[in-house]
Amino acid sequence: MSEETQTESQEPKKTIRERLHIQDGKMLTHTILFSILGAIIFTLLASIEMPYTMYGLFMLSFAPALAIIAVAGAIRGPITGLLTGYLGVLLSDFLLHGAVVTMTLPALSYGVLGFVVGLASYELNNGKSLLKLSILSVIGMVFTTLLVVMIGLIVEGYATLVALGFVMLPLLTVGIPSVLLLTPLLARTWHYFMTMFVPDAVE
């Protein structure tokens, strides 16, 4: 048995509450505060208009706000990822567009991105772990897109071609490159910043 395998087997397994970062009142408070901070950062990034190019129904651009949802999940677990996406979309919709749509269901769909990413654990100074983060971010983005499309079809009554052409394709062509490339970059930047200035907070 290799040393790496022995080290992994010697690490105590985390309980569900520990994985969710809600094992006590202090951790629950930190999780909620981190979610609110993530939602604020999401809103600030969402307010920045990014340049884009359209090729038919394909929209080529980046959405750094989406990467923030995934990073929040990677750093603080699935509940933080879920709340960051949910609260971030709610806040940005209300402040930037003056409306909250469809009983907040689309906002909840974006929270799924952070929830999926938060289900795994990561070493943010490890290249293989960052690759895993990118892959899970893409999977979470696909789930989010499918949920947004389903809500459009079932709840909002979109025509199928409208949902596929004007919702799914732009969301996928912007969302997947954004989370694939920006999530590990932002996560690594956060880890570097914390290591330099708040080393005790880095697990």
# chains A, B, ... in the order shown; residues from 1 in each chain; ligands from 1
>>> select_by_dssp(residues="region 4-121 of chain A", states="strand (DSSP E or B)", output="count of residues only")
6
>>> closest_atom_pairs(of="region 67-117 of chain A", to="region 187-191 of chain A", cutoff="9 Å", atoms="only C-alpha atoms", output="Markdown table")
| residue | atom | partner | partner_atom | distance |
| --- | --- | --- | --- | --- |
| A:Ile68 | CA | A:Ala187 | CA | 8.8 |
| A:Ala70 | CA | A:Ala187 | CA | 8.9 |
| A:Val71 | CA | A:Ala187 | CA | 5.7 |
| A:Ala72 | CA | A:Ala187 | CA | 8.6 |
| A:Ala74 | CA | A:Ala187 | CA | 7.8 |
| A:Ile75 | CA | A:Ala187 | CA | 7.8 |
>>> atom_distance(atom1="CA of Met59 (chain A)", atom2="CA of Thr173 (chain A)")
5.8 Å
>>> closest_residue(among="A:Leu186, A:Ala163, A:Leu133, A:Leu45", to="Leu147 (chain A)", atoms="only C-alpha atoms")
A:Ala163
>>> closest_residue(among="A:Thr145, A:Thr15, A:Ser178, A:Thr53", to="Leu164 (chain A)", atoms="only C-alpha atoms")
A:Thr145
>>> select_by_dssp(residues="region 118-150 of chain A", states="alpha helix (DSSP H)", output="number ranges by chain")
A: 118, 127-150
>>> residues_around(residues="region 105-109 of chain A", least_positions_apart="6", cutoff="8 Å", atoms="only C-alpha atoms", output="count of residues only")
12
>>> closest_residue(among="A:Tyr122, A:Tyr110, A:Tyr55, A:Phe42", to="Val149 (chain A)", atoms="only C-alpha atoms")
A:Tyr110
>>> closest_residue(among="A:Asn125, A:Gly152, A:Val101, A:Met141", to="Met194 (chain A)", atoms="only C-alpha atoms")
A:Asn125
>>> atom_distance(atom1="CA of Gln23 (chain A)", atom2="CA of Gly140 (chain A)")
25.0 Å
>>> closest_residue(among="A:Ser121, A:Thr31, A:Ser129, A:Ser47", to="Pro184 (chain A)", atoms="only C-alpha atoms")
A:Ser129
